[in-house]
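structure.cif (mmCIF, N, CA and C atoms)
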```cif
data_my_file
loop_
_atom_site.group_PDB
_atom_site.id
_atom_site.type_symbol
_atom_site.label_atom_id
_atom_site.label_comp_id
_atom_site.auth_asym_id
_atom_site.auth_seq_id
_atom_site.Cartn_x
_atom_site.Cartn_y
_atom_site.Cartn_z
ATOM 1 N N MET M 1 -5.578 -36.201 -0.113
ATOM 2 C CA MET M 1 -5.716 -36.356 -1.545
ATOM 3 C C MET M 1 -5.423 -37.816 -1.908
ATOM 4 N N PRO M 2 -6.244 -38.436 -2.731
ATOM 5 C CA PRO M 2 -6.038 -39.836 -3.085
ATOM 6 C C PRO M 2 -4.822 -40.033 -3.976
ATOM 7 N N ALA M 3 -4.247 -41.210 -3.864
ATOM 8 C CA ALA M 3 -3.116 -41.560 -4.725
ATOM 9 C C ALA M 3 -3.634 -41.818 -6.126
ATOM 10 N N ARG M 4 -2.770 -41.608 -7.122
ATOM 11 C CA ARG M 4 -3.155 -41.839 -8.508
ATOM 12 C C ARG M 4 -2.296 -42.956 -9.068
ATOM 13 N N ALA M 5 -2.900 -43.852 -9.794
ATOM 14 C CA ALA M 5 -2.164 -44.906 -10.462
ATOM 15 C C ALA M 5 -2.002 -44.504 -11.916
ATOM 16 N N VAL M 6 -0.773 -44.540 -12.411
ATOM 17 C CA VAL M 6 -0.502 -44.187 -13.795
ATOM 18 C C VAL M 6 0.358 -45.254 -14.435
ATOM 19 N N GLY M 7 0.407 -45.234 -15.734
ATOM 20 C CA GLY M 7 1.262 -46.176 -16.442
ATOM 21 C C GLY M 7 0.555 -47.457 -16.811
ATOM 22 N N GLY M 8 -0.762 -47.471 -16.725
ATOM 23 C CA GLY M 8 -1.511 -48.640 -17.154
ATOM 24 C C GLY M 8 -1.451 -48.765 -18.662
ATOM 25 N N LEU M 9 -1.942 -49.834 -19.178
ATOM 26 C CA LEU M 9 -1.845 -50.057 -20.610
ATOM 27 C C LEU M 9 -3.169 -49.837 -21.329
ATOM 28 N N ARG M 10 -4.075 -49.093 -20.724
ATOM 29 C CA ARG M 10 -5.337 -48.750 -21.359
ATOM 30 C C ARG M 10 -5.128 -47.527 -22.241
ATOM 31 N N PRO M 11 -5.355 -47.600 -23.555
ATOM 32 C CA PRO M 11 -5.119 -46.448 -24.417
ATOM 33 C C PRO M 11 -6.047 -45.279 -24.089
ATOM 34 N N PRO M 12 -5.497 -44.071 -23.962
ATOM 35 C CA PRO M 12 -6.306 -42.892 -23.712
ATOM 36 C C PRO M 12 -6.657 -42.200 -25.018
ATOM 37 N N ASP M 13 -7.507 -41.195 -24.937
ATOM 38 C CA ASP M 13 -7.810 -40.381 -26.111
ATOM 39 C C ASP M 13 -6.684 -39.384 -26.373
ATOM 40 N N VAL M 14 -6.261 -38.668 -25.332
ATOM 41 C CA VAL M 14 -5.202 -37.669 -25.476
ATOM 42 C C VAL M 14 -4.423 -37.568 -24.178
ATOM 43 N N ALA M 15 -3.223 -36.995 -24.273
ATOM 44 C CA ALA M 15 -2.437 -36.733 -23.074
ATOM 45 C C ALA M 15 -2.997 -35.491 -22.386
ATOM 46 N N GLY M 16 -2.462 -35.183 -21.202
ATOM 47 C CA GLY M 16 -2.913 -34.015 -20.448
ATOM 48 C C GLY M 16 -2.790 -32.730 -21.252
ATOM 49 N N PRO M 17 -3.636 -31.744 -20.976
ATOM 50 C CA PRO M 17 -3.690 -30.521 -21.781
ATOM 51 C C PRO M 17 -2.392 -29.715 -21.788
ATOM 52 N N ALA M 18 -1.659 -29.678 -20.701
ATOM 53 C CA ALA M 18 -0.434 -28.882 -20.635
ATOM 54 C C ALA M 18 0.789 -29.703 -21.050
ATOM 55 N N PHE M 19 0.599 -30.976 -21.264
ATOM 56 C CA PHE M 19 1.719 -31.865 -21.563
ATOM 57 C C PHE M 19 1.994 -31.894 -23.061
ATOM 58 N N ASP M 20 3.221 -31.555 -23.434
ATOM 59 C CA ASP M 20 3.632 -31.555 -24.838
ATOM 60 C C ASP M 20 4.811 -32.506 -25.003
ATOM 61 N N PRO M 21 4.618 -33.661 -25.644
ATOM 62 C CA PRO M 21 5.688 -34.642 -25.775
ATOM 63 C C PRO M 21 6.822 -34.219 -26.706
ATOM 64 N N THR M 22 6.653 -33.099 -27.401
ATOM 65 C CA THR M 22 7.752 -32.628 -28.256
ATOM 66 C C THR M 22 8.763 -31.811 -27.456
ATOM 67 N N LEU M 23 8.456 -31.567 -26.174
ATOM 68 C CA LEU M 23 9.367 -30.814 -25.306
ATOM 69 C C LEU M 23 10.132 -31.743 -24.382
ATOM 70 N N GLY M 24 11.164 -31.203 -23.764
ATOM 71 C CA GLY M 24 11.915 -31.950 -22.763
ATOM 72 C C GLY M 24 11.249 -31.830 -21.402
ATOM 73 N N TRP M 25 11.178 -32.919 -20.664
ATOM 74 C CA TRP M 25 10.582 -32.972 -19.343
ATOM 75 C C TRP M 25 11.539 -33.660 -18.391
ATOM 76 N N ARG M 26 11.331 -33.472 -17.102
ATOM 77 C CA ARG M 26 12.137 -34.136 -16.085
ATOM 78 C C ARG M 26 11.310 -34.260 -14.816
ATOM 79 N N LEU M 27 11.792 -35.085 -13.895
ATOM 80 C CA LEU M 27 11.131 -35.179 -12.598
ATOM 81 C C LEU M 27 11.277 -33.863 -11.857
ATOM 82 N N HIS M 28 10.268 -33.480 -11.139
ATOM 83 C CA HIS M 28 10.349 -32.306 -10.273
ATOM 84 C C HIS M 28 11.415 -32.601 -9.209
ATOM 85 N N PRO M 29 12.236 -31.622 -8.843
ATOM 86 C CA PRO M 29 13.294 -31.892 -7.859
ATOM 87 C C PRO M 29 12.779 -32.323 -6.486
ATOM 88 N N GLN M 30 11.499 -32.079 -6.186
ATOM 89 C CA GLN M 30 10.942 -32.493 -4.899
ATOM 90 C C GLN M 30 10.251 -33.852 -4.955
ATOM 91 N N VAL M 31 10.462 -34.587 -6.043
ATOM 92 C CA VAL M 31 9.835 -35.906 -6.192
ATOM 93 C C VAL M 31 10.853 -36.998 -5.897
ATOM 94 N N ALA M 32 10.462 -37.910 -5.028
ATOM 95 C CA ALA M 32 11.275 -39.094 -4.719
ATOM 96 C C ALA M 32 10.657 -40.295 -5.430
ATOM 97 N N VAL M 33 11.515 -41.140 -5.967
ATOM 98 C CA VAL M 33 11.077 -42.341 -6.680
ATOM 99 C C VAL M 33 11.516 -43.562 -5.878
ATOM 100 N N ARG M 34 10.571 -44.447 -5.615
ATOM 101 C CA ARG M 34 10.897 -45.707 -4.947
ATOM 102 C C ARG M 34 10.485 -46.861 -5.850
ATOM 103 N N PRO M 35 11.465 -47.485 -6.511
ATOM 104 C CA PRO M 35 11.142 -48.635 -7.371
ATOM 105 C C PRO M 35 10.508 -49.764 -6.552
ATOM 106 N N GLU M 36 9.558 -50.425 -7.163
ATOM 107 C CA GLU M 36 8.845 -51.556 -6.563
ATOM 108 C C GLU M 36 8.719 -52.649 -7.616
ATOM 109 N N PRO M 37 8.439 -53.881 -7.213
ATOM 110 C CA PRO M 37 8.292 -54.958 -8.202
ATOM 111 C C PRO M 37 7.226 -54.661 -9.263
ATOM 112 N N PHE M 38 6.171 -53.935 -8.909
ATOM 113 C CA PHE M 38 5.093 -53.634 -9.850
ATOM 114 C C PHE M 38 5.392 -52.423 -10.718
ATOM 115 N N GLY M 39 6.385 -51.610 -10.372
ATOM 116 C CA GLY M 39 6.700 -50.358 -11.068
ATOM 117 C C GLY M 39 7.417 -49.420 -10.132
ATOM 118 N N ALA M 40 6.672 -48.460 -9.549
ATOM 119 C CA ALA M 40 7.301 -47.544 -8.594
ATOM 120 C C ALA M 40 6.264 -46.695 -7.880
ATOM 121 N N LEU M 41 6.697 -46.129 -6.767
ATOM 122 C CA LEU M 41 5.942 -45.107 -6.054
ATOM 123 C C LEU M 41 6.658 -43.787 -6.263
ATOM 124 N N LEU M 42 5.907 -42.734 -6.533
ATOM 125 C CA LEU M 42 6.463 -41.383 -6.636
ATOM 126 C C LEU M 42 5.806 -40.546 -5.553
ATOM 127 N N TYR M 43 6.616 -39.841 -4.794
ATOM 128 C CA TYR M 43 6.085 -38.972 -3.750
ATOM 129 C C TYR M 43 6.621 -37.565 -3.955
ATOM 130 N N HIS M 44 5.715 -36.598 -4.012
ATOM 131 C CA HIS M 44 6.091 -35.189 -4.176
ATOM 132 C C HIS M 44 6.085 -34.540 -2.798
ATOM 133 N N PHE M 45 7.257 -34.162 -2.309
ATOM 134 C CA PHE M 45 7.366 -33.586 -0.976
ATOM 135 C C PHE M 45 6.744 -32.196 -0.880
ATOM 136 N N GLY M 46 6.624 -31.487 -1.986
ATOM 137 C CA GLY M 46 6.012 -30.165 -1.969
ATOM 138 C C GLY M 46 4.497 -30.206 -1.911
ATOM 139 N N THR M 47 3.896 -31.092 -2.694
ATOM 140 C CA THR M 47 2.431 -31.163 -2.750
ATOM 141 C C THR M 47 1.870 -32.294 -1.890
ATOM 142 N N ARG M 48 2.746 -33.187 -1.440
ATOM 143 C CA ARG M 48 2.379 -34.356 -0.636
ATOM 144 C C ARG M 48 1.516 -35.346 -1.420
ATOM 145 N N LYS M 49 1.645 -35.332 -2.747
ATOM 146 C CA LYS M 49 0.906 -36.269 -3.597
ATOM 147 C C LYS M 49 1.725 -37.539 -3.789
ATOM 148 N N LEU M 50 1.012 -38.635 -3.905
ATOM 149 C CA LEU M 50 1.606 -39.939 -4.146
ATOM 150 C C LEU M 50 1.052 -40.474 -5.462
ATOM 151 N N SER M 51 1.926 -40.977 -6.311
ATOM 152 C CA SER M 51 1.507 -41.602 -7.564
ATOM 153 C C SER M 51 2.146 -42.969 -7.683
ATOM 154 N N PHE M 52 1.473 -43.848 -8.384
ATOM 155 C CA PHE M 52 1.980 -45.192 -8.637
ATOM 156 C C PHE M 52 2.283 -45.331 -10.125
ATOM 157 N N LEU M 53 3.426 -45.890 -10.428
ATOM 158 C CA LEU M 53 3.734 -46.275 -11.807
ATOM 159 C C LEU M 53 3.468 -47.769 -11.888
ATOM 160 N N LYS M 54 2.645 -48.172 -12.848
ATOM 161 C CA LYS M 54 2.152 -49.540 -12.878
ATOM 162 C C LYS M 54 3.060 -50.561 -13.550
ATOM 163 N N ASN M 55 4.154 -50.112 -14.131
ATOM 164 C CA ASN M 55 5.087 -51.091 -14.708
ATOM 165 C C ASN M 55 6.493 -50.510 -14.776
ATOM 166 N N ARG M 56 7.450 -51.387 -15.010
ATOM 167 C CA ARG M 56 8.868 -50.971 -15.012
ATOM 168 C C ARG M 56 9.221 -50.175 -16.265
ATOM 169 N N THR M 57 8.486 -50.337 -17.338
ATOM 170 C CA THR M 57 8.773 -49.591 -18.562
ATOM 171 C C THR M 57 8.511 -48.104 -18.349
ATOM 172 N N ILE M 58 7.367 -47.751 -17.764
ATOM 173 C CA ILE M 58 7.087 -46.334 -17.519
ATOM 174 C C ILE M 58 8.080 -45.776 -16.505
ATOM 175 N N LEU M 59 8.520 -46.593 -15.562
ATOM 176 C CA LEU M 59 9.552 -46.155 -14.620
ATOM 177 C C LEU M 59 10.839 -45.815 -15.357
ATOM 178 N N ALA M 60 11.251 -46.675 -16.292
ATOM 179 C CA ALA M 60 12.468 -46.412 -17.078
ATOM 180 C C ALA M 60 12.336 -45.116 -17.873
ATOM 181 N N VAL M 61 11.160 -44.875 -18.441
ATOM 182 C CA VAL M 61 10.934 -43.642 -19.199
ATOM 183 C C VAL M 61 11.029 -42.432 -18.282
ATOM 184 N N VAL M 62 10.330 -42.469 -17.158
ATOM 185 C CA VAL M 62 10.327 -41.342 -16.218
ATOM 186 C C VAL M 62 11.740 -41.044 -15.734
ATOM 187 N N GLU M 63 12.481 -42.083 -15.393
ATOM 188 C CA GLU M 63 13.839 -41.880 -14.873
ATOM 189 C C GLU M 63 14.795 -41.348 -15.941
ATOM 190 N N SER M 64 14.505 -41.601 -17.217
ATOM 191 C CA SER M 64 15.424 -41.169 -18.276
ATOM 192 C C SER M 64 15.019 -39.863 -18.955
ATOM 193 N N LEU M 65 13.865 -39.300 -18.608
ATOM 194 C CA LEU M 65 13.388 -38.101 -19.299
ATOM 195 C C LEU M 65 14.422 -36.986 -19.354
ATOM 196 N N GLY M 66 15.115 -36.735 -18.261
ATOM 197 C CA GLY M 66 16.093 -35.646 -18.206
ATOM 198 C C GLY M 66 17.285 -35.836 -19.118
ATOM 199 N N GLU M 67 17.493 -37.054 -19.587
ATOM 200 C CA GLU M 67 18.628 -37.366 -20.463
ATOM 201 C C GLU M 67 18.289 -37.217 -21.947
ATOM 202 N N HIS M 68 17.037 -36.918 -22.254
ATOM 203 C CA HIS M 68 16.581 -36.863 -23.642
ATOM 204 C C HIS M 68 16.048 -35.478 -23.996
ATOM 205 N N PRO M 69 16.161 -35.095 -25.266
ATOM 206 C CA PRO M 69 15.692 -33.765 -25.672
ATOM 207 C C PRO M 69 14.173 -33.618 -25.653
ATOM 208 N N ASP M 70 13.455 -34.747 -25.763
ATOM 209 C CA ASP M 70 11.996 -34.703 -25.748
ATOM 210 C C ASP M 70 11.464 -36.054 -25.280
ATOM 211 N N VAL M 71 10.180 -36.108 -25.055
ATOM 212 C CA VAL M 71 9.545 -37.315 -24.527
ATOM 213 C C VAL M 71 9.645 -38.475 -25.504
ATOM 214 N N ARG M 72 9.432 -38.207 -26.771
ATOM 215 C CA ARG M 72 9.452 -39.307 -27.748
ATOM 216 C C ARG M 72 10.830 -39.973 -27.825
ATOM 217 N N SER M 73 11.881 -39.214 -27.644
ATOM 218 C CA SER M 73 13.229 -39.803 -27.605
ATOM 219 C C SER M 73 13.369 -40.741 -26.406
ATOM 220 N N ALA M 74 12.814 -40.337 -25.270
ATOM 221 C CA ALA M 74 12.852 -41.190 -24.080
ATOM 222 C C ALA M 74 12.046 -42.463 -24.304
ATOM 223 N N LEU M 75 10.892 -42.334 -24.978
ATOM 224 C CA LEU M 75 10.077 -43.512 -25.278
ATOM 225 C C LEU M 75 10.816 -44.468 -26.207
ATOM 226 N N ARG M 76 11.438 -43.940 -27.254
ATOM 227 C CA ARG M 76 12.191 -44.790 -28.188
ATOM 228 C C ARG M 76 13.325 -45.512 -27.465
ATOM 229 N N SER M 77 13.985 -44.801 -26.570
ATOM 230 C CA SER M 77 15.090 -45.384 -25.813
ATOM 231 C C SER M 77 14.619 -46.556 -24.945
ATOM 232 N N ALA M 78 13.364 -46.500 -24.502
ATOM 233 C CA ALA M 78 12.796 -47.575 -23.685
ATOM 234 C C ALA M 78 12.154 -48.669 -24.537
ATOM 235 N N GLY M 79 12.269 -48.548 -25.870
ATOM 236 C CA GLY M 79 11.732 -49.568 -26.767
ATOM 237 C C GLY M 79 10.260 -49.400 -27.091
ATOM 238 N N ILE M 80 9.722 -48.198 -26.893
ATOM 239 C CA ILE M 80 8.302 -47.937 -27.156
ATOM 240 C C ILE M 80 8.178 -47.247 -28.511
ATOM 241 N N ASP M 81 7.495 -47.900 -29.449
ATOM 242 C CA ASP M 81 7.298 -47.359 -30.795
ATOM 243 C C ASP M 81 5.970 -46.611 -30.886
ATOM 244 N N ASP M 82 5.750 -45.944 -32.019
ATOM 245 C CA ASP M 82 4.545 -45.135 -32.224
ATOM 246 C C ASP M 82 3.240 -45.831 -31.821
ATOM 247 N N PRO M 83 2.989 -47.065 -32.273
ATOM 248 C CA PRO M 83 1.701 -47.686 -31.929
ATOM 249 C C PRO M 83 1.530 -47.936 -30.423
ATOM 250 N N GLN M 84 2.628 -48.021 -29.697
ATOM 251 C CA GLN M 84 2.576 -48.287 -28.255
ATOM 252 C C GLN M 84 2.546 -47.008 -27.420
ATOM 253 N N GLU M 85 2.719 -45.855 -28.040
ATOM 254 C CA GLU M 85 2.858 -44.585 -27.316
ATOM 255 C C GLU M 85 1.654 -44.121 -26.503
ATOM 256 N N PRO M 86 0.417 -44.216 -27.003
ATOM 257 C CA PRO M 86 -0.705 -43.550 -26.332
ATOM 258 C C PRO M 86 -0.825 -43.770 -24.822
ATOM 259 N N PRO M 87 -0.758 -45.005 -24.306
ATOM 260 C CA PRO M 87 -0.914 -45.135 -22.854
ATOM 261 C C PRO M 87 0.242 -44.497 -22.079
ATOM 262 N N TYR M 88 1.426 -44.523 -22.662
ATOM 263 C CA TYR M 88 2.584 -43.916 -21.987
ATOM 264 C C TYR M 88 2.500 -42.393 -22.022
ATOM 265 N N LEU M 89 2.052 -41.842 -23.126
ATOM 266 C CA LEU M 89 1.856 -40.392 -23.199
ATOM 267 C C LEU M 89 0.779 -39.948 -22.214
ATOM 268 N N HIS M 90 -0.261 -40.746 -22.101
ATOM 269 C CA HIS M 90 -1.312 -40.430 -21.137
ATOM 270 C C HIS M 90 -0.757 -40.430 -19.710
ATOM 271 N N ALA M 91 -0.003 -41.478 -19.367
ATOM 272 C CA ALA M 91 0.570 -41.576 -18.018
ATOM 273 C C ALA M 91 1.497 -40.394 -17.732
ATOM 274 N N LEU M 92 2.328 -40.038 -18.698
ATOM 275 C CA LEU M 92 3.237 -38.902 -18.511
ATOM 276 C C LEU M 92 2.456 -37.595 -18.401
ATOM 277 N N GLY M 93 1.365 -37.478 -19.151
ATOM 278 C CA GLY M 93 0.511 -36.302 -19.047
ATOM 279 C C GLY M 93 -0.119 -36.167 -17.666
ATOM 280 N N VAL M 94 -0.544 -37.292 -17.102
ATOM 281 C CA VAL M 94 -1.100 -37.291 -15.743
ATOM 282 C C VAL M 94 -0.030 -36.842 -14.749
ATOM 283 N N LEU M 95 1.181 -37.345 -14.917
ATOM 284 C CA LEU M 95 2.283 -36.943 -14.025
ATOM 285 C C LEU M 95 2.611 -35.462 -14.170
ATOM 286 N N ALA M 96 2.565 -34.955 -15.382
ATOM 287 C CA ALA M 96 2.818 -33.521 -15.597
ATOM 288 C C ALA M 96 1.694 -32.695 -14.981
ATOM 289 N N ASP M 97 0.451 -33.131 -15.151
ATOM 290 C CA ASP M 97 -0.690 -32.411 -14.575
ATOM 291 C C ASP M 97 -0.621 -32.353 -13.055
ATOM 292 N N SER M 98 -0.033 -33.372 -12.441
ATOM 293 C CA SER M 98 0.067 -33.405 -10.979
ATOM 294 C C SER M 98 1.397 -32.846 -10.476
ATOM 295 N N ASN M 99 2.164 -32.238 -11.385
ATOM 296 C CA ASN M 99 3.426 -31.565 -11.036
ATOM 297 C C ASN M 99 4.538 -32.531 -10.625
ATOM 298 N N MET M 100 4.385 -33.813 -10.941
ATOM 299 C CA MET M 100 5.470 -34.770 -10.705
ATOM 300 C C MET M 100 6.565 -34.560 -11.749
ATOM 301 N N LEU M 101 6.143 -34.198 -12.964
ATOM 302 C CA LEU M 101 7.069 -33.876 -14.038
ATOM 303 C C LEU M 101 6.963 -32.394 -14.345
ATOM 304 N N ILE M 102 8.092 -31.796 -14.678
ATOM 305 C CA ILE M 102 8.110 -30.398 -15.081
ATOM 306 C C ILE M 102 8.907 -30.281 -16.370
ATOM 307 N N LYS M 103 8.673 -29.197 -17.100
ATOM 308 C CA LYS M 103 9.435 -28.969 -18.318
ATOM 309 C C LYS M 103 10.904 -28.819 -17.956
ATOM 310 N N LYS M 104 11.751 -29.307 -18.826
ATOM 311 C CA LYS M 104 13.190 -29.314 -18.563
ATOM 312 C C LYS M 104 13.737 -27.942 -18.223
ATOM 313 N N ASP M 105 13.214 -26.895 -18.846
ATOM 314 C CA ASP M 105 13.731 -25.558 -18.613
ATOM 315 C C ASP M 105 13.121 -24.882 -17.381
ATOM 316 N N SER M 106 12.258 -25.591 -16.644
ATOM 317 C CA SER M 106 11.652 -25.048 -15.414
ATOM 318 C C SER M 106 12.608 -25.203 -14.247
ATOM 319 N N GLN M 107 12.431 -24.348 -13.259
ATOM 320 C CA GLN M 107 13.273 -24.435 -12.052
ATOM 321 C C GLN M 107 12.673 -25.316 -11.017
#
```

Please re-express this file's structure in structure tokens.
Amino acid sequence: MPARAVGGLRPPDVAGPAFDPTLGWRLHPQVAVRPEPFGALLYHFGTRKLSFLKNRTILAVVESLGEHPDVRSALRSAGIDDPQEPPYLHALGVLADSNMLIKKDSQ
């Protein structure tokens, strides 16, 4: 399966269909994060998928998701305001669609 690059700054139309930014999300427990100068590599040991985060801001958001009640709180904490949200919501939606992120109340 090819690696996916996420976290680019190209505005999307919408986030992933199952991704709801009003809910709490967190990294899947089988996902390892390796920070890199360009952002990070995420590897899911269960699905064997690899994803790239294209900048350090999306890495900060992903790493802090579990500490916030919802995605928008995590974005605000990383200094991302409403007009800047779309590409980050898209990237998080891609991660949720690929099971890198799961809803906070999931096991």

In Å, with one decimal, what is the gap from CA of Leu23 (chain M) to CA of Phe45 (chain M)?
-> 24.6 Å

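The gap separating atom C of Ala74 (chain M) from atom N of Pro37 (chain M) is 20.9 Å, in Å to one decimal.
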
Nearby residues (all atoms listed in the file) at most 8 Å from Asp105 (chain M), same-chain spacing under 3 positions excluded, as a CSV table (one decimal) with N, CA and C atoms, in the coordinates of the input:
```csv
chain,number,residue,atom,x,y,z
M,23,LEU,N,8.5,-31.6,-26.2
M,23,LEU,CA,9.4,-30.8,-25.3
M,23,LEU,C,10.1,-31.7,-24.4
M,24,GLY,N,11.2,-31.2,-23.8
M,24,GLY,CA,11.9,-32.0,-22.8
M,24,GLY,C,11.2,-31.8,-21.4
M,25,TRP,N,11.2,-32.9,-20.7
M,25,TRP,CA,10.6,-33.0,-19.3
M,25,TRP,C,11.5,-33.7,-18.4
M,26,ARG,N,11.3,-33.5,-17.1
M,26,ARG,CA,12.1,-34.1,-16.1
M,26,ARG,C,11.3,-34.3,-14.8
M,102,ILE,N,8.1,-31.8,-14.7
M,102,ILE,CA,8.1,-30.4,-15.1
M,102,ILE,C,8.9,-30.3,-16.4
```

Within 8 Å of (10.1, -42.7, -9.3) (coordinates as in the file), grab all the protein and nucleic acid residues, counting all atoms listed in the file, and write them out as a PyMOL selection string.
-> chain M and resi 31-35+39-43+53+59+62-63

Using the chain letters and numbers from this document, which residues of region 23-76 of chain M does DSSP assign to strand (DSSP E or B), as a PyMOL selection string?
-> chain M and resi 25-27+31-36+39-44+50-53

Taking all atoms of region 42-61 of chain M that appear in the file, build a box with edges along x, y and z, extend it by 4 Å on every side, and state its centre and edge lengths in Å to one decimal, as lines of an AutoDock Vina configuration file.
```
center_x = 6.7
center_y = -40.8
center_z = -9.9
size_x = 19.6
size_y = 29.2
size_z = 26.6
```

Point-to-point distance in Å for atom C of Val71 (chain M) and atom C of Pro83 (chain M) | 13.4 Å

Do you know which residues are at most 6.5 Å from Arg72 (chain M) counting all atoms listed in the file, after dropping those on the same chain fewer than 4 positions away, and could you put them as an NGL selection string?
-> :M and (21-22 or 76-77)

Extract the full set of helix (DSSP H, G or I) residues from region 32-70 of chain M according to DSSP on the backbone, and format it as a PyMOL selection string.
-> chain M and resi 56-67

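Of the listed residues M:His44, M:Phe38, M:Phe19, M:Lys103, the one whose atoms come nearest to Thr57 (chain M) is M:Phe38, with distances taken using all atoms listed in the file.
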
M:Glu36, M:Ile58, M:Asp20, M:Lys49 ranked by distance to Ser98 (chain M), top pick (using all atoms listed in the file) = M:Lys49

Which one of M:Ala78, M:Leu89, M:Ala96, M:Leu65 sits closest to Ala18 (chain M) if you count only N, CA and C atoms?
-> M:Ala96
